[in-house]
>>> print(open('final_9.cif').read())   # mmCIF, C-alpha atoms
data_input
#
loop_
_atom_site.group_PDB
_atom_site.id
_atom_site.type_symbol
_atom_site.label_atom_id
_atom_site.label_comp_id
_atom_site.auth_asym_id
_atom_site.auth_seq_id
_atom_site.Cartn_x
_atom_site.Cartn_y
_atom_site.Cartn_z
ATOM 1 C CA MET U 1 154.754 129.689 29.743
ATOM 2 C CA LYS U 2 152.890 127.462 27.363
ATOM 3 C CA ILE U 3 154.146 127.531 23.820
ATOM 4 C CA VAL U 4 152.503 125.879 20.849
ATOM 5 C CA GLY U 5 153.597 126.084 17.261
ATOM 6 C CA VAL U 6 153.476 124.872 13.700
ATOM 7 C CA THR U 7 156.388 124.151 11.366
ATOM 8 C CA ALA U 8 156.118 123.789 7.595
ATOM 9 C CA CYS U 9 159.009 123.869 5.114
ATOM 10 C CA THR U 10 159.175 123.880 1.330
ATOM 11 C CA ALA U 11 159.714 120.169 0.703
ATOM 12 C CA GLY U 12 158.106 118.970 3.920
ATOM 13 C CA ILE U 13 160.718 116.272 4.378
ATOM 14 C CA ALA U 14 163.458 117.446 6.701
ATOM 15 C CA HIS U 15 163.465 121.076 7.883
ATOM 16 C CA THR U 16 159.907 120.880 9.239
ATOM 17 C CA TYR U 17 160.904 118.167 11.691
ATOM 18 C CA ILE U 18 164.355 119.431 12.581
ATOM 19 C CA VAL U 19 163.031 122.886 13.396
ATOM 20 C CA ALA U 20 160.145 121.447 15.432
ATOM 21 C CA GLN U 21 162.674 119.589 17.583
ATOM 22 C CA LYS U 22 164.941 122.621 17.908
ATOM 23 C CA ILE U 23 162.101 124.879 19.055
ATOM 24 C CA LYS U 24 160.885 122.252 21.505
ATOM 25 C CA ASP U 25 164.340 121.678 22.984
ATOM 26 C CA ALA U 26 165.044 125.406 23.307
ATOM 27 C CA ALA U 27 161.649 126.059 24.909
ATOM 28 C CA GLU U 28 161.936 123.203 27.377
ATOM 29 C CA ALA U 29 165.512 124.130 28.258
ATOM 30 C CA ALA U 30 164.161 127.569 29.202
ATOM 31 C CA GLY U 31 161.503 125.963 31.392
ATOM 32 C CA HIS U 32 158.469 126.254 29.110
ATOM 33 C CA ALA U 33 155.927 123.668 28.059
ATOM 34 C CA CYS U 34 155.975 123.261 24.308
ATOM 35 C CA LYS U 35 154.123 121.345 21.628
ATOM 36 C CA ILE U 36 154.847 121.752 17.934
ATOM 37 C CA GLU U 37 152.656 120.513 15.113
ATOM 38 C CA THR U 38 154.538 119.478 11.970
ATOM 39 C CA GLN U 39 152.956 119.980 8.558
ATOM 40 C CA GLY U 40 154.999 117.947 6.082
ATOM 41 C CA THR U 41 154.484 115.818 2.996
ATOM 42 C CA ILE U 42 153.012 113.095 5.198
ATOM 43 C CA GLY U 43 150.423 115.537 6.504
ATOM 44 C CA ALA U 44 150.071 117.074 9.939
ATOM 45 C CA ASP U 45 151.521 115.262 12.947
ATOM 46 C CA ASN U 46 151.387 116.046 16.639
ATOM 47 C CA VAL U 47 148.291 118.106 15.785
ATOM 48 C CA LEU U 48 147.391 120.875 18.240
ATOM 49 C CA THR U 49 144.003 120.537 19.858
ATOM 50 C CA GLY U 50 141.601 123.441 20.418
ATOM 51 C CA GLU U 51 142.252 123.237 24.155
ATOM 52 C CA GLU U 52 146.008 123.356 23.693
ATOM 53 C CA ILE U 53 145.722 126.397 21.470
ATOM 54 C CA ALA U 54 143.329 128.068 23.911
ATOM 55 C CA ALA U 55 145.710 127.434 26.830
ATOM 56 C CA ALA U 56 148.832 128.630 25.002
ATOM 57 C CA ASP U 57 150.493 131.935 25.851
ATOM 58 C CA VAL U 58 152.060 132.177 22.433
ATOM 59 C CA VAL U 59 151.916 130.498 19.035
ATOM 60 C CA ILE U 60 155.093 130.148 16.961
ATOM 61 C CA ILE U 61 154.566 129.613 13.256
ATOM 62 C CA ALA U 62 157.864 128.788 11.549
ATOM 63 C CA HIS U 63 157.197 128.307 7.878
ATOM 64 C CA ASP U 64 158.362 128.743 4.288
ATOM 65 C CA ILE U 65 155.023 127.731 2.790
ATOM 66 C CA ALA U 66 151.517 128.938 3.631
ATOM 67 C CA VAL U 67 150.036 127.832 6.962
ATOM 68 C CA ASP U 68 146.361 128.322 7.736
ATOM 69 C CA THR U 69 146.246 130.572 10.794
ATOM 70 C CA ALA U 70 142.456 130.728 11.289
ATOM 71 C CA ARG U 71 142.769 128.505 14.382
ATOM 72 C CA PHE U 72 145.009 131.070 16.014
ATOM 73 C CA THR U 73 142.796 134.129 15.678
ATOM 74 C CA GLY U 74 143.077 136.237 18.823
ATOM 75 C CA LYS U 75 146.299 134.551 19.975
ATOM 76 C CA LYS U 76 149.742 136.108 20.185
ATOM 77 C CA VAL U 77 151.354 134.743 17.050
ATOM 78 C CA VAL U 78 155.075 134.820 16.247
ATOM 79 C CA ASP U 79 155.289 134.404 12.494
ATOM 80 C CA ILE U 80 158.803 133.610 11.270
ATOM 81 C CA PRO U 81 160.558 131.892 8.383
ATOM 82 C CA ILE U 82 162.016 128.430 9.051
ATOM 83 C CA SER U 83 165.514 129.946 8.884
ATOM 84 C CA VAL U 84 165.042 132.017 12.061
ATOM 85 C CA ALA U 85 164.182 128.986 14.175
ATOM 86 C CA MET U 86 166.877 126.912 12.501
ATOM 87 C CA LYS U 87 169.613 129.496 13.070
ATOM 88 C CA ASN U 88 169.063 130.283 16.691
ATOM 89 C CA PRO U 89 166.161 128.644 18.518
ATOM 90 C CA LYS U 90 167.474 129.827 21.890
ATOM 91 C CA SER U 91 167.398 133.480 20.957
ATOM 92 C CA LEU U 92 163.955 132.971 19.397
ATOM 93 C CA ILE U 93 162.623 131.778 22.760
ATOM 94 C CA ALA U 94 164.487 134.538 24.626
ATOM 95 C CA THR U 95 163.004 137.181 22.309
ATOM 96 C CA ILE U 96 159.509 135.793 22.860
ATOM 97 C CA GLU U 97 160.017 135.829 26.646
ATOM 98 C CA LYS U 98 161.073 139.454 26.478
ATOM 99 C CA LYS U 99 158.137 140.493 24.283
ATOM 100 C CA LEU U 100 155.558 138.720 26.422
ATOM 101 C CA THR U 101 156.737 140.244 29.675
ATOM 102 C CA GLN U 102 156.774 143.787 28.282
ATOM 103 C CA MET E 1 158.319 99.672 12.063
ATOM 104 C CA ASP E 2 161.287 101.360 13.583
ATOM 105 C CA LEU E 3 164.146 103.505 12.398
ATOM 106 C CA SER E 4 166.510 100.597 11.907
ATOM 107 C CA GLU E 5 164.397 99.673 8.882
ATOM 108 C CA ILE E 6 165.523 102.694 6.903
ATOM 109 C CA LEU E 7 169.099 102.819 8.181
ATOM 110 C CA SER E 8 171.712 100.565 6.703
ATOM 111 C CA GLU E 9 175.442 100.219 7.312
ATOM 112 C CA ASP E 10 176.227 100.019 3.596
ATOM 113 C CA ILE E 11 174.931 103.573 3.066
ATOM 114 C CA ILE E 12 176.748 105.075 6.031
ATOM 115 C CA ASP E 13 180.231 106.324 5.200
ATOM 116 C CA LEU E 14 182.259 107.909 7.993
ATOM 117 C CA ASP E 15 185.222 108.654 5.762
ATOM 118 C CA LEU E 16 183.908 110.617 2.808
ATOM 119 C CA LYS E 17 186.659 111.777 0.483
ATOM 120 C CA GLY E 18 184.868 114.533 -1.432
ATOM 121 C CA THR E 19 186.042 118.077 -0.825
ATOM 122 C CA THR E 20 183.202 119.912 -2.575
ATOM 123 C CA LYS E 21 179.444 119.782 -2.212
ATOM 124 C CA ASP E 22 179.110 118.182 -5.632
ATOM 125 C CA GLU E 23 181.696 115.500 -4.870
ATOM 126 C CA ILE E 24 179.985 114.669 -1.566
ATOM 127 C CA LEU E 25 176.548 114.434 -3.211
ATOM 128 C CA ARG E 26 177.935 112.119 -5.885
ATOM 129 C CA GLU E 27 179.819 109.988 -3.376
ATOM 130 C CA LEU E 28 176.730 109.424 -1.223
ATOM 131 C CA SER E 29 174.529 108.928 -4.287
ATOM 132 C CA GLY E 30 177.043 106.327 -5.468
ATOM 133 C CA HIS E 31 176.531 104.400 -2.229
ATOM 134 C CA LEU E 32 172.755 104.590 -2.715
ATOM 135 C CA PHE E 33 173.115 103.269 -6.247
ATOM 136 C CA GLU E 34 175.403 100.397 -5.291
ATOM 137 C CA ALA E 35 173.100 99.382 -2.458
ATOM 138 C CA GLY E 36 170.105 99.391 -4.829
ATOM 139 C CA TYR E 37 168.150 102.358 -3.460
ATOM 140 C CA ILE E 38 168.259 104.405 -6.667
ATOM 141 C CA SER E 39 168.392 103.380 -10.307
ATOM 142 C CA ASP E 40 170.215 106.391 -11.789
ATOM 143 C CA ILE E 41 172.919 108.477 -10.099
ATOM 144 C CA GLU E 42 172.906 111.363 -12.611
ATOM 145 C CA GLN E 43 169.144 111.851 -12.443
ATOM 146 C CA PHE E 44 169.123 111.561 -8.665
ATOM 147 C CA VAL E 45 171.836 114.216 -8.316
ATOM 148 C CA ARG E 46 169.915 116.494 -10.719
ATOM 149 C CA ASP E 47 166.821 116.089 -8.539
ATOM 150 C CA ILE E 48 168.834 116.925 -5.403
ATOM 151 C CA TYR E 49 169.859 120.196 -7.054
ATOM 152 C CA VAL E 50 166.219 121.014 -7.760
ATOM 153 C CA ARG E 51 165.669 121.051 -4.002
ATOM 154 C CA GLU E 52 168.957 122.849 -3.365
ATOM 155 C CA ALA E 53 167.757 125.655 -5.647
ATOM 156 C CA ALA E 54 164.671 126.084 -3.445
ATOM 157 C CA GLY E 55 166.588 126.879 -0.267
ATOM 158 C CA ILE E 56 169.440 126.276 2.112
ATOM 159 C CA THR E 57 170.119 122.713 3.291
ATOM 160 C CA GLY E 58 172.981 123.453 5.655
ATOM 161 C CA ALA E 59 171.174 123.096 8.975
ATOM 162 C CA GLY E 60 173.894 124.635 11.140
ATOM 163 C CA ASN E 61 176.048 122.702 13.604
ATOM 164 C CA HIS E 62 178.169 121.447 10.652
ATOM 165 C CA ILE E 63 175.221 119.429 9.326
ATOM 166 C CA ALA E 64 173.837 119.313 5.801
ATOM 167 C CA ILE E 65 170.499 117.742 4.944
ATOM 168 C CA PRO E 66 170.292 117.624 1.152
ATOM 169 C CA HIS E 67 167.267 115.777 -0.168
ATOM 170 C CA GLY E 68 166.514 114.183 -3.470
ATOM 171 C CA LYS E 69 162.852 113.687 -4.287
ATOM 172 C CA SER E 70 163.135 111.653 -7.394
ATOM 173 C CA ALA E 71 161.444 109.183 -9.717
ATOM 174 C CA VAL E 72 164.618 107.062 -9.726
ATOM 175 C CA VAL E 73 164.259 106.247 -6.019
ATOM 176 C CA LYS E 74 163.392 102.589 -5.580
ATOM 177 C CA LYS E 75 163.390 102.520 -1.815
ATOM 178 C CA ILE E 76 163.094 105.388 0.649
ATOM 179 C CA THR E 77 166.072 105.789 2.926
ATOM 180 C CA ILE E 78 168.724 108.138 4.220
ATOM 181 C CA ALA E 79 172.405 107.956 3.409
ATOM 182 C CA ILE E 80 174.691 109.283 6.127
ATOM 183 C CA GLY E 81 178.209 110.537 5.636
ATOM 184 C CA ARG E 82 180.931 112.237 7.582
ATOM 185 C CA SER E 83 184.226 113.661 6.452
ATOM 186 C CA GLU E 84 187.393 114.435 8.373
ATOM 187 C CA HIS E 85 187.527 117.806 6.635
ATOM 188 C CA LEU E 86 184.967 120.594 6.436
ATOM 189 C CA VAL E 87 183.158 121.164 3.141
ATOM 190 C CA ALA E 88 181.780 124.513 1.941
ATOM 191 C CA TRP E 89 177.971 124.434 1.946
ATOM 192 C CA GLU E 90 175.219 127.077 2.083
ATOM 193 C CA SER E 91 174.300 126.981 5.783
ATOM 194 C CA TYR E 92 172.047 128.854 8.187
ATOM 195 C CA ASP E 93 175.035 129.582 10.414
ATOM 196 C CA ASP E 94 177.396 130.297 7.481
ATOM 197 C CA GLU E 95 179.713 127.524 8.653
ATOM 198 C CA PRO E 96 181.073 124.686 6.496
ATOM 199 C CA VAL E 97 179.816 121.156 7.149
ATOM 200 C CA ASN E 98 181.177 117.652 7.692
ATOM 201 C CA LEU E 99 178.104 115.597 8.619
ATOM 202 C CA PHE E 100 175.706 114.779 5.800
ATOM 203 C CA PHE E 101 172.234 113.291 5.796
ATOM 204 C CA LEU E 102 171.099 112.647 2.236
ATOM 205 C CA PHE E 103 167.363 112.022 2.211
ATOM 206 C CA CYS E 104 166.398 109.653 -0.557
ATOM 207 C CA VAL E 105 162.700 110.074 -1.259
ATOM 208 C CA SER E 106 160.338 108.980 -4.016
ATOM 209 C CA ASP E 107 158.556 111.716 -5.962
ATOM 210 C CA ASP E 108 155.394 109.655 -5.688
ATOM 211 C CA GLU E 109 153.721 111.261 -2.665
ATOM 212 C CA GLY E 110 151.601 108.266 -1.840
ATOM 213 C CA PHE E 111 154.578 105.925 -1.927
ATOM 214 C CA ALA E 112 155.636 104.222 1.304
ATOM 215 C CA GLN E 113 154.042 106.681 3.721
ATOM 216 C CA ASN E 114 155.231 104.624 6.666
ATOM 217 C CA HIS E 115 158.824 105.043 5.549
ATOM 218 C CA MET E 116 158.275 108.767 5.084
ATOM 219 C CA ARG E 117 157.106 108.858 8.673
ATOM 220 C CA LEU E 118 160.345 107.201 9.783
ATOM 221 C CA LEU E 119 162.335 109.786 7.839
ATOM 222 C CA ALA E 120 160.400 112.521 9.627
ATOM 223 C CA GLU E 121 161.229 110.924 12.960
ATOM 224 C CA LEU E 122 164.878 110.764 11.990
ATOM 225 C CA ALA E 123 164.846 114.424 10.898
ATOM 226 C CA GLY E 124 163.580 115.329 14.358
ATOM 227 C CA LYS E 125 166.601 113.599 15.861
ATOM 228 C CA ILE E 126 168.931 115.656 13.681
ATOM 229 C CA GLY E 127 167.482 118.677 15.500
ATOM 230 C CA LYS E 128 168.818 117.380 18.812
ATOM 231 C CA ASP E 129 172.226 118.875 19.620
ATOM 232 C CA SER E 130 173.293 116.109 22.019
ATOM 233 C CA LEU E 131 172.599 113.448 19.437
ATOM 234 C CA VAL E 132 174.552 115.298 16.771
ATOM 235 C CA ALA E 133 177.526 115.541 19.128
ATOM 236 C CA ALA E 134 177.370 111.768 19.621
ATOM 237 C CA LEU E 135 177.275 111.235 15.850
ATOM 238 C CA GLN E 136 180.368 113.392 15.421
ATOM 239 C CA GLY E 137 182.189 110.975 17.724
ATOM 240 C CA ALA E 138 180.839 107.723 16.276
ATOM 241 C CA ARG E 139 183.538 105.343 15.074
ATOM 242 C CA THR E 140 181.601 102.823 13.003
ATOM 243 C CA PRO E 141 178.405 102.750 10.894
ATOM 244 C CA SER E 142 176.823 100.384 13.394
ATOM 245 C CA GLU E 143 177.534 102.903 16.144
ATOM 246 C CA VAL E 144 175.750 105.560 14.046
ATOM 247 C CA ILE E 145 172.706 103.307 13.797
ATOM 248 C CA SER E 146 172.764 102.614 17.554
ATOM 249 C CA ILE E 147 172.861 106.339 18.315
ATOM 250 C CA LEU E 148 169.974 107.105 15.965
ATOM 251 C CA THR E 149 167.804 104.216 17.123
ATOM 252 C CA ALA E 150 168.506 104.590 20.852
#
>>> encode(input="final_9.cif", output="structure tokens")
Amino acid sequence: MKIVGVTACTAGIAHTYIVAQKIKDAAEAAGHACKIETQGTIGADNVLTGEEIAAADVVIIAHDIAVDTARFTGKKVVDIPISVAMKNPKSLIATIEKKLTQ
Amino acid sequence: MDLSEILSEDIIDLDLKGTTKDEILRELSGHLFEAGYISDIEQFVRDIYVREAAGITGAGNHIAIPHGKSAVVKKITIAIGRSEHLVAWESYDDEPVNLFFLFCVSDDEGFAQNHMRLLAELAGKIGKDSLVAALQGARTPSEVISILTA
């Protein structure tokens, strides 16, 4: 499936980027396409385009601070704290797979 | 600009002696001070604890990523440390840690954006399990830099 996501942590220095990589690695290891936008102190990087969001099967928002979700209206959104993706990205992806095939 | 610009052998210590979180933070901050990245160890450590109070910095996989966002930072960088022993640290996987990445960041948000970008890139690498395994086996600071800039 196609996964897109956004990560945003409290300080916007480290967790945002580590978690983005962890989600991406776990998703790709499970055979999914994945792009994660990071919203840190330096602003948004790897920004998701409208087409990418439209084509995505699921949107993961891993955050400890507010993220604007208006872009994702109508999409299946998995809204989780940073800690969930940090702790076990593999089981996060597995849970999403299970939910989407139900 | 590439990652080698913010990594430096004199702030990589693969034989940290500290046995507590506080000792480790002070040891790494001491390296940053001696190498001229910060102007005040006490203030820098206080600022690290401000971030620590906001949430867990043990990233799992025996890694800790404390960060100091501080006015005493003269140059943005990251100090890297490893200890032979495990150190108790609040972690997402409830495991102690032995690999430390101390982010050294100015509290001036507009300051050195390009260096902040490099730090972000480096943080992404810390999220890669294979790279972390390589860092656990690194024997010298220069090897650490090679792994992170590969």
>>> closest_residue(input="final_9.cif", among="E:Gly127, E:Pro96, E:Gly36, E:Gly81", to="Thr140 (chain E)", atoms="all atoms listed in the file")
E:Gly81
>>> atom_distance(input="final_9.cif", atom1="CA of Asp15 (chain E)", atom2="CA of Lys75 (chain E)")
23.9 Å
>>> atom_distance(input="final_9.cif", atom1="CA of Ala11 (chain U)", atom2="CA of Ala59 (chain E)")
14.4 Å
>>> atom_distance(input="final_9.cif", atom1="CA of Lys2 (chain U)", atom2="CA of Thr101 (chain U)")
13.5 Å
>>> residues_around(input="final_9.cif", residues="Ser4 (chain E)", least_positions_apart="6", cutoff="9 Å", atoms="all atoms listed in the file", output="list in words")
Ile145, Ser146, Leu148 and Thr149 of chain E
>>> resolve_selection(input="final_9.cif", expression="the PyMOL selection byres ((chain U) within 12 of (chain E))", output="PyMOL selection string")
chain U and resi 7+9-26+36+38-46+64-65+81-89
>>> write_last_selection(input="final_9.cif", atoms="C-alpha atoms", output="PDB file, in the coordinates of the input")
ATOM      1  CA  THR U   7     156.388 124.151  11.366  1.00  0.00           C
ATOM      2  CA  CYS U   9     159.009 123.869   5.114  1.00  0.00           C
ATOM      3  CA  THR U  10     159.175 123.880   1.330  1.00  0.00           C
ATOM      4  CA  ALA U  11     159.714 120.169   0.703  1.00  0.00           C
ATOM      5  CA  GLY U  12     158.106 118.970   3.920  1.00  0.00           C
ATOM      6  CA  ILE U  13     160.718 116.272   4.378  1.00  0.00           C
ATOM      7  CA  ALA U  14     163.458 117.446   6.701  1.00  0.00           C
ATOM      8  CA  HIS U  15     163.465 121.076   7.883  1.00  0.00           C
ATOM      9  CA  THR U  16     159.907 120.880   9.239  1.00  0.00           C
ATOM     10  CA  TYR U  17     160.904 118.167  11.691  1.00  0.00           C
ATOM     11  CA  ILE U  18     164.355 119.431  12.581  1.00  0.00           C
ATOM     12  CA  VAL U  19     163.031 122.886  13.396  1.00  0.00           C
ATOM     13  CA  ALA U  20     160.145 121.447  15.432  1.00  0.00           C
ATOM     14  CA  GLN U  21     162.674 119.589  17.583  1.00  0.00           C
ATOM     15  CA  LYS U  22     164.941 122.621  17.908  1.00  0.00           C
ATOM     16  CA  ILE U  23     162.101 124.879  19.055  1.00  0.00           C
ATOM     17  CA  LYS U  24     160.885 122.252  21.505  1.00  0.00           C
ATOM     18  CA  ASP U  25     164.340 121.678  22.984  1.00  0.00           C
ATOM     19  CA  ALA U  26     165.044 125.406  23.307  1.00  0.00           C
ATOM     20  CA  ILE U  36     154.847 121.752  17.934  1.00  0.00           C
ATOM     21  CA  THR U  38     154.538 119.478  11.970  1.00  0.00           C
ATOM     22  CA  GLN U  39     152.956 119.980   8.558  1.00  0.00           C
ATOM     23  CA  GLY U  40     154.999 117.947   6.082  1.00  0.00           C
ATOM     24  CA  THR U  41     154.484 115.818   2.996  1.00  0.00           C
ATOM     25  CA  ILE U  42     153.012 113.095   5.198  1.00  0.00           C
ATOM     26  CA  GLY U  43     150.423 115.537   6.504  1.00  0.00           C
ATOM     27  CA  ALA U  44     150.071 117.074   9.939  1.00  0.00           C
ATOM     28  CA  ASP U  45     151.521 115.262  12.947  1.00  0.00           C
ATOM     29  CA  ASN U  46     151.387 116.046  16.639  1.00  0.00           C
ATOM     30  CA  ASP U  64     158.362 128.743   4.288  1.00  0.00           C
ATOM     31  CA  ILE U  65     155.023 127.731   2.790  1.00  0.00           C
ATOM     32  CA  PRO U  81     160.558 131.892   8.383  1.00  0.00           C
ATOM     33  CA  ILE U  82     162.016 128.430   9.051  1.00  0.00           C
ATOM     34  CA  SER U  83     165.514 129.946   8.884  1.00  0.00           C
ATOM     35  CA  VAL U  84     165.042 132.017  12.061  1.00  0.00           C
ATOM     36  CA  ALA U  85     164.182 128.986  14.175  1.00  0.00           C
ATOM     37  CA  MET U  86     166.877 126.912  12.501  1.00  0.00           C
ATOM     38  CA  LYS U  87     169.613 129.496  13.070  1.00  0.00           C
ATOM     39  CA  ASN U  88     169.063 130.283  16.691  1.00  0.00           C
ATOM     40  CA  PRO U  89     166.161 128.644  18.518  1.00  0.00           C
TER      41      PRO U  89
END
>>> decode(input="final_9.cif", residues="region 69-83 of chain E", atoms="N, CA and C atoms", output="compact mmCIF listing (two decimals), in the first residue's frame")
# COMPACT_ATOMS: atom_id res chain seq x y z
N LYS E 69 19.13 23.11 23.99
CA LYS E 69 18.86 24.27 23.13
C LYS E 69 19.17 25.44 24.03
N SER E 70 20.29 26.10 23.74
CA SER E 70 20.81 26.99 24.77
C SER E 70 21.47 28.24 24.19
N ALA E 71 21.39 29.31 24.96
CA ALA E 71 22.02 30.57 24.55
C ALA E 71 23.55 30.48 24.64
N VAL E 72 24.08 29.50 25.36
CA VAL E 72 25.53 29.41 25.50
C VAL E 72 26.19 28.60 24.37
N VAL E 73 25.36 28.15 23.41
CA VAL E 73 25.91 27.42 22.27
C VAL E 73 26.52 28.41 21.27
N LYS E 74 27.78 28.18 20.97
CA LYS E 74 28.48 29.06 20.03
C LYS E 74 28.44 28.50 18.62
N LYS E 75 28.40 27.18 18.55
CA LYS E 75 28.42 26.52 17.25
C LYS E 75 27.59 25.24 17.34
N ILE E 76 26.68 25.09 16.39
CA ILE E 76 25.78 23.93 16.41
C ILE E 76 26.55 22.66 16.06
N THR E 77 26.33 21.62 16.86
CA THR E 77 27.01 20.37 16.56
C THR E 77 26.31 19.22 17.28
N ILE E 78 26.96 18.07 17.27
CA ILE E 78 26.45 16.93 18.02
C ILE E 78 27.65 16.20 18.62
N ALA E 79 27.59 16.02 19.93
CA ALA E 79 28.64 15.26 20.60
C ALA E 79 28.17 13.81 20.67
N ILE E 80 29.08 12.88 20.41
CA ILE E 80 28.70 11.47 20.40
C ILE E 80 29.53 10.73 21.44
N GLY E 81 28.86 9.89 22.21
CA GLY E 81 29.59 9.13 23.22
C GLY E 81 29.09 7.70 23.29
N ARG E 82 29.98 6.84 23.76
CA ARG E 82 29.60 5.46 23.98
C ARG E 82 30.29 4.99 25.25
N SER E 83 29.61 4.16 26.00
CA SER E 83 30.24 3.63 27.21
C SER E 83 30.25 2.11 27.13
